[in-house]
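**Student:** I'm passing along final-v8.pdb; it holds PDB, C-alpha atoms.
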```pdb
ATOM      1  CA  MET A   1      -1.138 -19.310  -6.325
ATOM      2  CA  SER A   2       2.599 -18.723  -6.872
ATOM      3  CA  ILE A   3       4.727 -16.826  -4.355
ATOM      4  CA  GLU A   4       5.066 -13.960  -6.876
ATOM      5  CA  ALA A   5       1.298 -13.776  -7.378
ATOM      6  CA  GLU A   6       0.842 -13.703  -3.596
ATOM      7  CA  ALA A   7       3.278 -10.794  -3.345
ATOM      8  CA  VAL A   8       1.313  -8.963  -6.062
ATOM      9  CA  GLU A   9      -1.985  -9.593  -4.292
ATOM     10  CA  LEU A  10      -0.461  -8.191  -1.100
ATOM     11  CA  ALA A  11       0.688  -5.070  -2.987
ATOM     12  CA  ASN A  12      -2.809  -4.744  -4.442
ATOM     13  CA  HIS A  13      -4.350  -5.043  -0.964
ATOM     14  CA  GLU A  14      -1.979  -2.354   0.313
ATOM     15  CA  LEU A  15      -3.379   0.142  -2.245
ATOM     16  CA  TYR A  16      -6.851  -0.173  -0.762
ATOM     17  CA  ALA A  17      -5.602  -0.320   2.840
ATOM     18  CA  ALA A  18      -3.740   2.962   2.276
ATOM     19  CA  VAL A  19      -6.908   4.635   0.950
ATOM     20  CA  GLU A  20      -8.981   3.275   3.842
ATOM     21  CA  ALA A  21      -6.413   4.580   6.325
ATOM     22  CA  ALA A  22      -6.166   7.890   4.391
ATOM     23  CA  ASP A  23      -2.411   7.477   4.814
ATOM     24  CA  LEU A  24      -0.496   9.417   2.163
ATOM     25  CA  ASP A  25       2.880   7.988   3.220
ATOM     26  CA  ARG A  26       1.592   4.467   2.623
ATOM     27  CA  MET A  27       0.125   5.587  -0.717
ATOM     28  CA  ALA A  28       3.519   6.987  -1.712
ATOM     29  CA  GLU A  29       5.047   3.550  -0.973
ATOM     30  CA  VAL A  30       2.414   1.781  -3.083
ATOM     31  CA  TRP A  31       3.130   3.706  -6.295
ATOM     32  CA  LEU A  32       6.075   3.292  -8.638
ATOM     33  CA  ASP A  33       8.964   5.710  -8.125
ATOM     34  CA  GLY A  34      12.310   6.188  -9.839
ATOM     35  CA  PRO A  35      13.094   6.431 -13.570
ATOM     36  CA  HIS A  36       9.542   5.502 -14.669
ATOM     37  CA  ALA A  37       7.688   7.746 -12.198
ATOM     38  CA  GLU A  38       6.507  10.024 -15.018
ATOM     39  CA  THR A  39       4.752   7.109 -16.772
ATOM     40  CA  VAL A  40       2.505   6.385 -13.772
ATOM     41  CA  VAL A  41      -1.180   6.582 -14.745
ATOM     42  CA  CYS A  42      -4.310   6.718 -12.572
ATOM     43  CA  VAL A  43      -7.955   6.793 -13.652
ATOM     44  CA  HIS A  44     -10.461   7.455 -10.873
ATOM     45  CA  PRO A  45     -14.067   6.411 -11.633
ATOM     46  CA  GLY A  46     -15.558   8.898 -14.111
ATOM     47  CA  TRP A  47     -12.336  10.904 -14.384
ATOM     48  CA  PRO A  48      -9.950  11.342 -17.298
ATOM     49  CA  ALA A  49      -6.475   9.838 -16.912
ATOM     50  CA  ILE A  50      -3.941  11.496 -14.618
ATOM     51  CA  GLN A  51      -0.313  10.981 -15.612
ATOM     52  CA  GLY A  52       2.810  11.266 -13.475
ATOM     53  CA  ARG A  53       3.523  10.093  -9.923
ATOM     54  CA  GLU A  54       3.268  13.529  -8.286
ATOM     55  CA  GLU A  55      -0.016  14.409 -10.025
ATOM     56  CA  VAL A  56      -1.472  11.013  -9.118
ATOM     57  CA  LEU A  57      -0.499  11.304  -5.441
ATOM     58  CA  ARG A  58      -1.944  14.821  -5.372
ATOM     59  CA  SER A  59      -5.284  13.495  -6.642
ATOM     60  CA  TRP A  60      -5.332  10.871  -3.871
ATOM     61  CA  THR A  61      -4.563  13.551  -1.287
ATOM     62  CA  ALA A  62      -7.636  15.468  -2.452
ATOM     63  CA  ILE A  63      -9.840  12.358  -2.486
ATOM     64  CA  MET A  64      -8.707  11.215   0.964
ATOM     65  CA  ALA A  65      -9.196  14.697   2.419
ATOM     66  CA  ASN A  66     -12.792  14.699   1.140
ATOM     67  CA  THR A  67     -13.733  11.171   2.208
ATOM     68  CA  PRO A  68     -14.445  10.867   5.933
ATOM     69  CA  TYR A  69     -14.914   7.090   5.655
ATOM     70  CA  ILE A  70     -14.297   4.522   2.930
ATOM     71  CA  GLN A  71     -14.046   0.756   2.914
ATOM     72  CA  PHE A  72     -13.344  -1.612   0.019
ATOM     73  CA  PHE A  73     -14.558  -5.188  -0.298
ATOM     74  CA  LEU A  74     -12.699  -6.740  -3.225
ATOM     75  CA  THR A  75     -14.221  -9.600  -5.186
ATOM     76  CA  ASP A  76     -13.290 -11.431  -8.411
ATOM     77  CA  VAL A  77      -9.591 -10.764  -7.792
ATOM     78  CA  GLU A  78      -7.502 -12.177 -10.656
ATOM     79  CA  VAL A  79      -3.698 -11.953 -10.636
ATOM     80  CA  GLU A  80      -1.447 -12.555 -13.659
ATOM     81  CA  VAL A  81       2.328 -12.239 -13.585
ATOM     82  CA  VAL A  82       4.340 -11.956 -16.833
ATOM     83  CA  GLY A  83       8.024 -11.282 -16.213
ATOM     84  CA  GLU A  84       8.409  -8.020 -14.320
ATOM     85  CA  ILE A  85       4.803  -6.973 -14.971
ATOM     86  CA  ALA A  86       1.756  -8.091 -13.003
ATOM     87  CA  VAL A  87      -1.880  -7.332 -13.704
ATOM     88  CA  VAL A  88      -4.671  -7.500 -11.136
ATOM     89  CA  THR A  89      -8.309  -7.159 -12.110
ATOM     90  CA  CYS A  90     -10.896  -6.916  -9.362
ATOM     91  CA  ALA A  91     -14.344  -5.676  -8.492
ATOM     92  CA  GLU A  92     -14.366  -2.917  -5.881
ATOM     93  CA  ASN A  93     -17.424  -2.999  -3.632
ATOM     94  CA  ILE A  94     -17.248   0.346  -1.903
ATOM     95  CA  LEU A  95     -18.846   1.650   1.274
ATOM     96  CA  THR A  96     -18.398   5.376   1.882
ATOM     97  CA  GLY A  97     -19.476   7.734   4.613
ATOM     98  CA  MET A  98     -20.210  11.333   3.752
ATOM     99  CA  GLY A  99     -20.400  12.586   7.307
ATOM    100  CA  GLU A 100     -22.648  11.818  10.305
ATOM    101  CA  SER A 101     -24.084   8.354   9.896
ATOM    102  CA  ALA A 102     -24.976   8.470   6.197
ATOM    103  CA  LEU A 103     -23.404   5.602   4.228
ATOM    104  CA  ALA A 104     -23.431   5.035   0.497
ATOM    105  CA  GLY A 105     -22.559   1.924  -1.465
ATOM    106  CA  GLY A 106     -21.012   1.746  -4.879
ATOM    107  CA  ARG A 107     -19.452  -0.669  -7.313
ATOM    108  CA  ALA A 108     -16.445  -0.200  -9.533
ATOM    109  CA  VAL A 109     -14.144  -2.414 -11.561
ATOM    110  CA  ALA A 110     -10.377  -1.951 -11.474
ATOM    111  CA  THR A 111      -7.361  -2.928 -13.518
ATOM    112  CA  ASN A 112      -4.125  -2.510 -11.569
ATOM    113  CA  VAL A 113      -0.780  -2.977 -13.307
ATOM    114  CA  PHE A 114       2.320  -3.453 -11.144
ATOM    115  CA  ARG A 115       6.029  -3.379 -12.015
ATOM    116  CA  HIS A 116       8.649  -5.361 -10.181
ATOM    117  CA  THR A 117      11.385  -3.191  -8.705
ATOM    118  CA  ALA A 118      14.264  -3.565  -6.266
ATOM    119  CA  SER A 119      11.785  -2.559  -3.534
ATOM    120  CA  GLY A 120       9.135  -5.069  -4.609
ATOM    121  CA  TRP A 121       5.960  -4.724  -6.662
ATOM    122  CA  ARG A 122       4.930  -1.114  -7.178
ATOM    123  CA  LEU A 123       1.706   0.164  -8.722
ATOM    124  CA  TRP A 124       2.239   1.559 -12.218
ATOM    125  CA  ILE A 125      -1.301   1.933 -13.569
ATOM    126  CA  HIS A 126      -4.609   2.058 -11.694
ATOM    127  CA  HIS A 127      -7.762   2.232 -13.796
ATOM    128  CA  ALA A 128     -11.053   2.201 -11.890
ATOM    129  CA  SER A 129     -14.442   2.718 -13.508
ATOM    130  CA  PRO A 130     -18.011   2.852 -12.273
ATOM    131  CA  VAL A 131     -20.228  -0.173 -12.826
ATOM    132  CA  ILE A 132     -23.603   1.124 -13.902
ATOM    133  CA  THR A 133     -25.947  -1.780 -13.269
ATOM    134  CA  PRO A 134     -29.591  -1.718 -14.256
ATOM    135  CA  ALA A 135     -31.816  -1.842 -11.183
ATOM    136  CA  GLU A 136     -32.581  -5.462 -10.312
ATOM    137  CA  GLY A 137     -36.196  -6.244  -9.563
ATOM    138  CA  ASP A 138     -37.176  -2.593 -10.087
ATOM    139  CA  ASP A 139     -37.779  -2.097  -6.375
ATOM    140  CA  SER A 140     -36.065   1.281  -6.134
ATOM    141  CA  SER A 141     -37.895   3.565  -3.722
TER     142      SER A 141
ATOM    143  CA  MET B 142       9.306   5.934 -30.849
ATOM    144  CA  SER B 143      10.881   2.469 -30.988
ATOM    145  CA  ILE B 144       9.935  -0.073 -33.652
ATOM    146  CA  GLU B 145       8.263  -2.213 -30.957
ATOM    147  CA  ALA B 146       6.233   0.742 -29.700
ATOM    148  CA  GLU B 147       5.161   1.492 -33.271
ATOM    149  CA  ALA B 148       3.996  -2.111 -33.685
ATOM    150  CA  VAL B 149       1.997  -1.787 -30.453
ATOM    151  CA  GLU B 150       0.420   1.477 -31.588
ATOM    152  CA  LEU B 151      -0.581  -0.214 -34.847
ATOM    153  CA  ALA B 152      -2.160  -3.103 -32.912
ATOM    154  CA  ASN B 153      -3.989  -0.561 -30.764
ATOM    155  CA  HIS B 154      -5.247   1.256 -33.864
ATOM    156  CA  GLU B 155      -6.468  -2.052 -35.296
ATOM    157  CA  LEU B 156      -8.753  -2.563 -32.273
ATOM    158  CA  TYR B 157     -10.633   0.638 -33.050
ATOM    159  CA  ALA B 158     -10.580   0.082 -36.820
ATOM    160  CA  ALA B 159     -12.183  -3.338 -36.296
ATOM    161  CA  VAL B 160     -14.971  -1.803 -34.192
ATOM    162  CA  GLU B 161     -15.524   0.983 -36.735
ATOM    163  CA  ALA B 162     -15.731  -1.606 -39.525
ATOM    164  CA  ALA B 163     -17.950  -3.849 -37.343
ATOM    165  CA  ASP B 164     -15.698  -6.666 -38.532
ATOM    166  CA  LEU B 165     -15.761  -9.608 -36.127
ATOM    167  CA  ASP B 166     -13.021 -11.496 -37.984
ATOM    168  CA  ARG B 167     -10.679  -8.546 -37.526
ATOM    169  CA  MET B 168     -11.707  -8.319 -33.856
ATOM    170  CA  ALA B 169     -10.863 -12.004 -33.417
ATOM    171  CA  GLU B 170      -7.374 -11.274 -34.809
ATOM    172  CA  VAL B 171      -6.884  -8.345 -32.419
ATOM    173  CA  TRP B 172      -7.449 -10.353 -29.215
ATOM    174  CA  LEU B 173      -5.079 -12.805 -27.562
ATOM    175  CA  ASP B 174      -5.648 -16.460 -28.390
ATOM    176  CA  GLY B 175      -3.933 -19.691 -27.334
ATOM    177  CA  PRO B 176      -2.974 -20.877 -23.837
ATOM    178  CA  HIS B 177      -3.863 -17.555 -22.148
ATOM    179  CA  ALA B 178      -7.195 -17.000 -23.947
ATOM    180  CA  GLU B 179      -9.125 -17.582 -20.727
ATOM    181  CA  THR B 180      -7.300 -14.714 -18.983
ATOM    182  CA  VAL B 181      -8.486 -12.126 -21.529
ATOM    183  CA  VAL B 182     -10.409  -9.290 -19.822
ATOM    184  CA  CYS B 183     -12.607  -6.558 -21.301
ATOM    185  CA  VAL B 184     -14.382  -3.708 -19.516
ATOM    186  CA  HIS B 185     -16.809  -1.714 -21.658
ATOM    187  CA  PRO B 186     -17.711   1.763 -20.306
ATOM    188  CA  GLY B 187     -20.052   1.337 -17.333
ATOM    189  CA  TRP B 188     -19.950  -2.473 -17.486
ATOM    190  CA  PRO B 189     -18.474  -4.991 -15.077
ATOM    191  CA  ALA B 190     -15.455  -6.966 -16.307
ATOM    192  CA  ILE B 191     -15.952  -9.732 -18.874
ATOM    193  CA  GLN B 192     -13.402 -12.547 -18.683
ATOM    194  CA  GLY B 193     -12.414 -15.066 -21.354
ATOM    195  CA  ARG B 194     -11.783 -14.615 -25.081
ATOM    196  CA  GLU B 195     -15.070 -16.125 -26.255
ATOM    197  CA  GLU B 196     -17.187 -14.111 -23.822
ATOM    198  CA  VAL B 197     -15.349 -10.914 -24.767
ATOM    199  CA  LEU B 198     -15.803 -11.483 -28.516
ATOM    200  CA  ARG B 199     -19.475 -12.241 -27.920
ATOM    201  CA  SER B 200     -19.895  -8.876 -26.163
ATOM    202  CA  TRP B 201     -18.330  -7.090 -29.131
ATOM    203  CA  THR B 202     -20.643  -8.923 -31.516
ATOM    204  CA  ALA B 203     -23.617  -7.584 -29.556
ATOM    205  CA  ILE B 204     -22.207  -4.044 -29.426
ATOM    206  CA  MET B 205     -21.353  -3.954 -33.128
ATOM    207  CA  ALA B 206     -24.780  -5.345 -34.071
ATOM    208  CA  ASN B 207     -26.432  -2.511 -32.122
ATOM    209  CA  THR B 208     -24.220   0.333 -33.350
ATOM    210  CA  PRO B 209     -25.086   1.501 -36.887
ATOM    211  CA  TYR B 210     -22.166   3.934 -36.931
ATOM    212  CA  ILE B 211     -19.185   4.565 -34.672
ATOM    213  CA  GLN B 212     -15.944   6.446 -35.099
ATOM    214  CA  PHE B 213     -13.045   6.870 -32.673
ATOM    215  CA  PHE B 214     -10.663   9.816 -32.509
ATOM    216  CA  LEU B 215      -7.818   8.850 -30.192
ATOM    217  CA  THR B 216      -5.873  11.475 -28.272
ATOM    218  CA  ASP B 217      -3.219  11.373 -25.516
ATOM    219  CA  VAL B 218      -1.938   8.017 -26.797
ATOM    220  CA  GLU B 219       0.906   6.760 -24.573
ATOM    221  CA  VAL B 220       2.728   3.509 -25.322
ATOM    222  CA  GLU B 221       5.021   1.657 -22.897
ATOM    223  CA  VAL B 222       6.735  -1.629 -23.693
ATOM    224  CA  VAL B 223       8.219  -3.788 -20.901
ATOM    225  CA  GLY B 224       9.470  -7.137 -22.146
ATOM    226  CA  GLU B 225       6.620  -9.054 -23.730
ATOM    227  CA  ILE B 226       3.978  -6.738 -22.258
ATOM    228  CA  ALA B 227       2.899  -3.398 -23.686
ATOM    229  CA  VAL B 228       0.488  -0.883 -22.190
ATOM    230  CA  VAL B 229      -1.370   1.789 -24.155
ATOM    231  CA  THR B 230      -3.372   4.486 -22.448
ATOM    232  CA  CYS B 231      -5.485   6.782 -24.594
ATOM    233  CA  ALA B 232      -8.515   9.041 -24.607
ATOM    234  CA  GLU B 233     -11.320   7.806 -26.845
ATOM    235  CA  ASN B 234     -13.316  10.609 -28.441
ATOM    236  CA  ILE B 235     -16.340   8.793 -29.798
ATOM    237  CA  LEU B 236     -18.889   9.733 -32.437
ATOM    238  CA  THR B 237     -21.842   7.369 -32.720
ATOM    239  CA  GLY B 238     -24.905   7.241 -34.932
ATOM    240  CA  MET B 239     -28.078   5.758 -33.554
ATOM    241  CA  GLY B 240     -29.920   5.608 -36.854
ATOM    242  CA  GLU B 241     -31.078   8.206 -39.422
ATOM    243  CA  SER B 242     -28.911  11.290 -39.090
ATOM    244  CA  ALA B 243     -28.732  11.543 -35.300
ATOM    245  CA  LEU B 244     -25.156  11.641 -34.002
ATOM    246  CA  ALA B 245     -23.947  11.554 -30.423
ATOM    247  CA  GLY B 246     -20.527  12.347 -29.004
ATOM    248  CA  GLY B 247     -18.877  10.797 -26.002
ATOM    249  CA  ARG B 248     -15.596  10.587 -24.183
ATOM    250  CA  ALA B 249     -13.934   7.614 -22.587
ATOM    251  CA  VAL B 250     -10.487   6.728 -21.315
ATOM    252  CA  ALA B 251      -8.893   3.382 -22.102
ATOM    253  CA  THR B 252      -6.081   1.208 -20.808
ATOM    254  CA  ASN B 253      -5.103  -1.486 -23.305
ATOM    255  CA  VAL B 254      -2.595  -4.181 -22.331
ATOM    256  CA  PHE B 255      -0.994  -6.237 -25.111
ATOM    257  CA  ARG B 256       1.073  -9.421 -24.984
ATOM    258  CA  HIS B 257       3.718 -10.297 -27.509
ATOM    259  CA  THR B 258       3.081 -13.597 -29.270
ATOM    260  CA  ALA B 259       4.434 -15.506 -32.265
ATOM    261  CA  SER B 260       1.747 -13.716 -34.315
ATOM    262  CA  GLY B 261       2.628 -10.265 -33.024
ATOM    263  CA  TRP B 262       1.074  -8.051 -30.348
ATOM    264  CA  ARG B 263      -2.336  -9.259 -29.245
ATOM    265  CA  LEU B 264      -4.791  -7.478 -26.954
ATOM    266  CA  TRP B 265      -4.961  -9.060 -23.519
ATOM    267  CA  ILE B 266      -6.868  -6.495 -21.443
ATOM    268  CA  HIS B 267      -9.104  -3.631 -22.602
ATOM    269  CA  HIS B 268     -10.494  -1.354 -19.913
ATOM    270  CA  ALA B 269     -12.591   1.581 -21.124
ATOM    271  CA  SER B 270     -14.476   3.909 -18.813
ATOM    272  CA  PRO B 271     -16.733   6.909 -19.266
ATOM    273  CA  VAL B 272     -15.308  10.367 -18.623
ATOM    274  CA  ILE B 273     -17.958  12.311 -16.759
ATOM    275  CA  THR B 274     -16.901  15.912 -17.227
ATOM    276  CA  PRO B 275     -18.704  18.815 -15.609
ATOM    277  CA  ALA B 276     -20.337  21.019 -18.255
ATOM    278  CA  GLU B 277     -17.893  23.723 -19.335
ATOM    279  CA  GLY B 278     -19.320  27.221 -19.596
ATOM    280  CA  ASP B 279     -22.804  25.941 -18.764
ATOM    281  CA  ASP B 280     -24.005  26.598 -22.322
ATOM    282  CA  SER B 281     -25.935  23.339 -22.674
ATOM    283  CA  SER B 282     -29.096  23.829 -24.670
TER     284      SER B 282
END
```
Re-express the file's structure as structure tokens.
**Tutor:**
Amino acid sequence: MSIEAEAVELANHELYAAVEAADLDRMAEVWLDGPHAETVVCVHPGWPAIQGREEVLRSWTAIMANTPYIQFFLTDVEVEVVGEIAVVTCAENILTGMGESALAGGRAVATNVFRHTASGWRLWIHHASPVITPAEGDDSS
Amino acid sequence: MSIEAEAVELANHELYAAVEAADLDRMAEVWLDGPHAETVVCVHPGWPAIQGREEVLRSWTAIMANTPYIQFFLTDVEVEVVGEIAVVTCAENILTGMGESALAGGRAVATNVFRHTASGWRLWIHHASPVITPAEGDDSS
């Protein structure tokens, strides 16, 4: 993997680390700022698109405030760098806690597009969608 | 809108026109070919990611064979061009026919990433996801 691709993968990891830590300051560092801030787009699983850096950060504030515990296990991470644009596709294997000791698992697929800036790779577009898999083995109880 | 952005919007329109026409040859022209064909990614609503040009075209063949009628009305189309990469985000308002006169409506949101090639803008990544909206007005019958 090239040094640029490694830097992109690190930026991608930081997105999920910021959500896990429910740290809005870190989230603000992850996302693109400056002249293209209004073109930032975020799609949460099952949601319509949210456009604009401020609106996107506000949505994350709401999600983080309503998620006592969340952990991401990323698989199938693919990184492609073309000039000042980088695209990461990955599967998000998600473990969430809704309070007390109840845990729920979920699976989503994400496309994350980064732009190279003077302050490194910043997230421009995040599109996550639910993976609706048919029950395997039909052993649902 | 710049001439490049117009060319990208036309390429984006061609994706949906090819699906509506159930024309696999047109679909093959829409998608990226050549040295980066293996990095092509497609996410159908609710599906995991499919990687590789051949696998992606095969999935469309299956979808088109099982969809007697489909029509897309695109809204909120945003086009951004950065070097040889272009990103289109849009809302897909979908009308499908399942046979006889039964029609169903649906809503999805899509991120489409194009790459510029010697043969114009070709689709590199298509990520579509279902928009699960709460019922408005609760007048479902």
**Student:** What is the distance, in Å and to one decimal place, between CA of Thr274 (chain B) and CA of Gly187 (chain B)?
**Tutor:**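 Separation of CA of Thr274 (chain B) and CA of Gly187 (chain B): 14.9 Å.
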**Student:** Starting from the PyMOL selection byres ((chain B) within 12 of (chain A)), expand the selection into actual residues of this file and give them as an NGL selection string.
**Tutor:** :B and (177 or 179-192 or 216-234 or 248-257 or 265-275)
**Student:** Identify, on the basis of only C-alpha atoms, every residue whose closest approach to Thr67 (chain A) does not exceed 12 Å; exclude the query and any residue fewer than 6 positions from it along the same chain; express the result as a PyMOL selection string.
**Tutor:** chain A and resi 19-22+60-61+95-99+103-104
**Student:** Take CA of Phe72 (chain A) and CA of Trp121 (chain A) and report the distance between them in Å, one decimal.
**Tutor:**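 Interatomic distance here is 20.7 Å.
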**Student:** Give the superposed chain B as a short mmCIF file (atom, residue, chain, number, x, y, z; two decimals) with C-alpha atoms, in the frame of the given file, the fit being least squares on chain A over all ordered C-alpha pairs.
**Tutor:**
```cif
data_model
loop_
_atom_site.label_atom_id
_atom_site.label_comp_id
_atom_site.auth_asym_id
_atom_site.auth_seq_id
_atom_site.Cartn_x
_atom_site.Cartn_y
_atom_site.Cartn_z
CA MET B 142 -1.17 -19.33 -6.33
CA SER B 143 2.55 -18.72 -6.86
CA ILE B 144 4.67 -16.83 -4.34
CA GLU B 145 5.03 -13.97 -6.86
CA ALA B 146 1.28 -13.79 -7.38
CA GLU B 147 0.79 -13.71 -3.60
CA ALA B 148 3.23 -10.80 -3.34
CA VAL B 149 1.27 -8.97 -6.06
CA GLU B 150 -2.03 -9.60 -4.31
CA LEU B 151 -0.53 -8.20 -1.11
CA ALA B 152 0.65 -5.08 -2.98
CA ASN B 153 -2.84 -4.74 -4.45
CA HIS B 154 -4.40 -5.05 -0.99
CA GLU B 155 -2.03 -2.37 0.30
CA LEU B 156 -3.41 0.13 -2.24
CA TYR B 157 -6.90 -0.17 -0.78
CA ALA B 158 -5.67 -0.32 2.82
CA ALA B 159 -3.80 2.96 2.28
CA VAL B 160 -6.95 4.64 0.94
CA GLU B 161 -9.05 3.28 3.81
CA ALA B 162 -6.47 4.58 6.31
CA ALA B 163 -6.22 7.89 4.39
CA ASP B 164 -2.47 7.46 4.81
CA LEU B 165 -0.54 9.40 2.17
CA ASP B 166 2.83 7.98 3.24
CA ARG B 167 1.54 4.46 2.64
CA MET B 168 0.10 5.59 -0.71
CA ALA B 169 3.50 6.98 -1.69
CA GLU B 170 5.01 3.54 -0.94
CA VAL B 171 2.39 1.77 -3.07
CA TRP B 172 3.12 3.70 -6.29
CA LEU B 173 6.08 3.28 -8.62
CA ASP B 174 8.96 5.68 -8.08
CA GLY B 175 12.33 6.17 -9.78
CA PRO B 176 13.14 6.42 -13.50
CA HIS B 177 9.59 5.50 -14.63
CA ALA B 178 7.72 7.74 -12.16
CA GLU B 179 6.56 10.01 -14.98
CA THR B 180 4.81 7.11 -16.74
CA VAL B 181 2.54 6.38 -13.76
CA VAL B 182 -1.15 6.58 -14.75
CA CYS B 183 -4.28 6.72 -12.59
CA VAL B 184 -7.92 6.80 -13.68
CA HIS B 185 -10.43 7.47 -10.91
CA PRO B 186 -14.05 6.44 -11.69
CA GLY B 187 -15.51 8.93 -14.17
CA TRP B 188 -12.28 10.94 -14.43
CA PRO B 189 -9.89 11.38 -17.33
CA ALA B 190 -6.42 9.84 -16.94
CA ILE B 191 -3.90 11.50 -14.62
CA GLN B 192 -0.26 10.98 -15.60
CA GLY B 193 2.86 11.27 -13.45
CA ARG B 194 3.55 10.09 -9.90
CA GLU B 195 3.29 13.51 -8.26
CA GLU B 196 0.03 14.41 -10.01
CA VAL B 197 -1.45 11.02 -9.12
CA LEU B 198 -0.49 11.30 -5.43
CA ARG B 199 -1.92 14.82 -5.37
CA SER B 200 -5.27 13.49 -6.65
CA TRP B 201 -5.34 10.89 -3.88
CA THR B 202 -4.58 13.55 -1.29
CA ALA B 203 -7.64 15.48 -2.47
CA ILE B 204 -9.85 12.37 -2.51
CA MET B 205 -8.75 11.21 0.94
CA ALA B 206 -9.22 14.71 2.39
CA ASN B 207 -12.82 14.72 1.11
CA THR B 208 -13.76 11.18 2.17
CA PRO B 209 -14.50 10.87 5.91
CA TYR B 210 -14.95 7.10 5.62
CA ILE B 211 -14.34 4.54 2.90
CA GLN B 212 -14.10 0.78 2.87
CA PHE B 213 -13.39 -1.59 -0.03
CA PHE B 214 -14.60 -5.17 -0.36
CA LEU B 215 -12.75 -6.73 -3.28
CA THR B 216 -14.27 -9.58 -5.26
CA ASP B 217 -13.32 -11.41 -8.48
CA VAL B 218 -9.62 -10.75 -7.84
CA GLU B 219 -7.51 -12.16 -10.70
CA VAL B 220 -3.72 -11.95 -10.66
CA GLU B 221 -1.45 -12.55 -13.67
CA VAL B 222 2.33 -12.24 -13.58
CA VAL B 223 4.35 -11.96 -16.81
CA GLY B 224 8.02 -11.28 -16.19
CA GLU B 225 8.41 -8.04 -14.28
CA ILE B 226 4.82 -6.98 -14.96
CA ALA B 227 1.76 -8.09 -13.01
CA VAL B 228 -1.88 -7.33 -13.73
CA VAL B 229 -4.69 -7.49 -11.17
CA THR B 230 -8.31 -7.14 -12.16
CA CYS B 231 -10.90 -6.90 -9.41
CA ALA B 232 -14.37 -5.65 -8.56
CA GLU B 233 -14.39 -2.90 -5.95
CA ASN B 234 -17.45 -2.97 -3.71
CA ILE B 235 -17.28 0.38 -1.98
CA LEU B 236 -18.89 1.68 1.19
CA THR B 237 -18.44 5.39 1.81
CA GLY B 238 -19.52 7.75 4.56
CA MET B 239 -20.24 11.34 3.69
CA GLY B 240 -20.45 12.59 7.26
CA GLU B 241 -22.71 11.83 10.26
CA SER B 242 -24.18 8.37 9.82
CA ALA B 243 -25.03 8.49 6.12
CA LEU B 244 -23.47 5.63 4.16
CA ALA B 245 -23.46 5.07 0.42
CA GLY B 246 -22.59 1.96 -1.56
CA GLY B 247 -21.02 1.78 -4.97
CA ARG B 248 -19.47 -0.61 -7.42
CA ALA B 249 -16.44 -0.17 -9.61
CA VAL B 250 -14.14 -2.38 -11.62
CA ALA B 251 -10.38 -1.93 -11.52
CA THR B 252 -7.35 -2.91 -13.56
CA ASN B 253 -4.12 -2.50 -11.60
CA VAL B 254 -0.76 -2.97 -13.32
CA PHE B 255 2.33 -3.46 -11.14
CA ARG B 256 6.03 -3.39 -12.00
CA HIS B 257 8.64 -5.36 -10.15
CA THR B 258 11.38 -3.20 -8.65
CA ALA B 259 14.25 -3.59 -6.20
CA SER B 260 11.75 -2.59 -3.48
CA GLY B 261 9.12 -5.08 -4.56
CA TRP B 262 5.94 -4.73 -6.63
CA ARG B 263 4.93 -1.13 -7.16
CA LEU B 264 1.71 0.16 -8.72
CA TRP B 265 2.26 1.55 -12.20
CA ILE B 266 -1.27 1.93 -13.58
CA HIS B 267 -4.60 2.07 -11.71
CA HIS B 268 -7.74 2.25 -13.82
CA ALA B 269 -11.03 2.22 -11.92
CA SER B 270 -14.40 2.74 -13.56
CA PRO B 271 -17.99 2.90 -12.36
CA VAL B 272 -20.22 -0.12 -12.91
CA ILE B 273 -23.59 1.19 -14.01
CA THR B 274 -25.91 -1.73 -13.39
CA PRO B 275 -29.58 -1.67 -14.31
CA ALA B 276 -31.75 -1.83 -11.18
CA GLU B 277 -32.48 -5.46 -10.33
CA GLY B 278 -36.07 -6.25 -9.43
CA ASP B 279 -37.02 -2.57 -9.68
CA ASP B 280 -37.50 -2.33 -5.91
CA SER B 281 -35.76 1.03 -5.52
CA SER B 282 -37.45 3.15 -2.90
#
```
**Student:** With a distance cut-off of 9 Å and all atoms listed in the file, select the neighbouring residues of Leu15 (chain A), excluding the residue or stretch itself and same-chain residues fewer than 6 positions from it, and output the selection as a ChimeraX atom specification.
**Tutor:** /A:26-27,30-31,123
**Student:** To test your reading of the syntax: which residues would the PyMOL selection byres ((chain B and resi 260) around 10) return for the file shown? Reply as a list in words.
**Tutor:**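 Checked against the file, the PyMOL selection byres ((chain B and resi 260) around 10) matches Glu170, Leu173, Asp174, His257, Thr258, Ala259, Gly261, Trp262 and Arg263 of chain B.
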**Student:** Which value, in Å to one decimal, gives the distance between CA of Tyr16 (chain A) and CA of Ile94 (chain A)?
**Tutor:** 10.5 Å
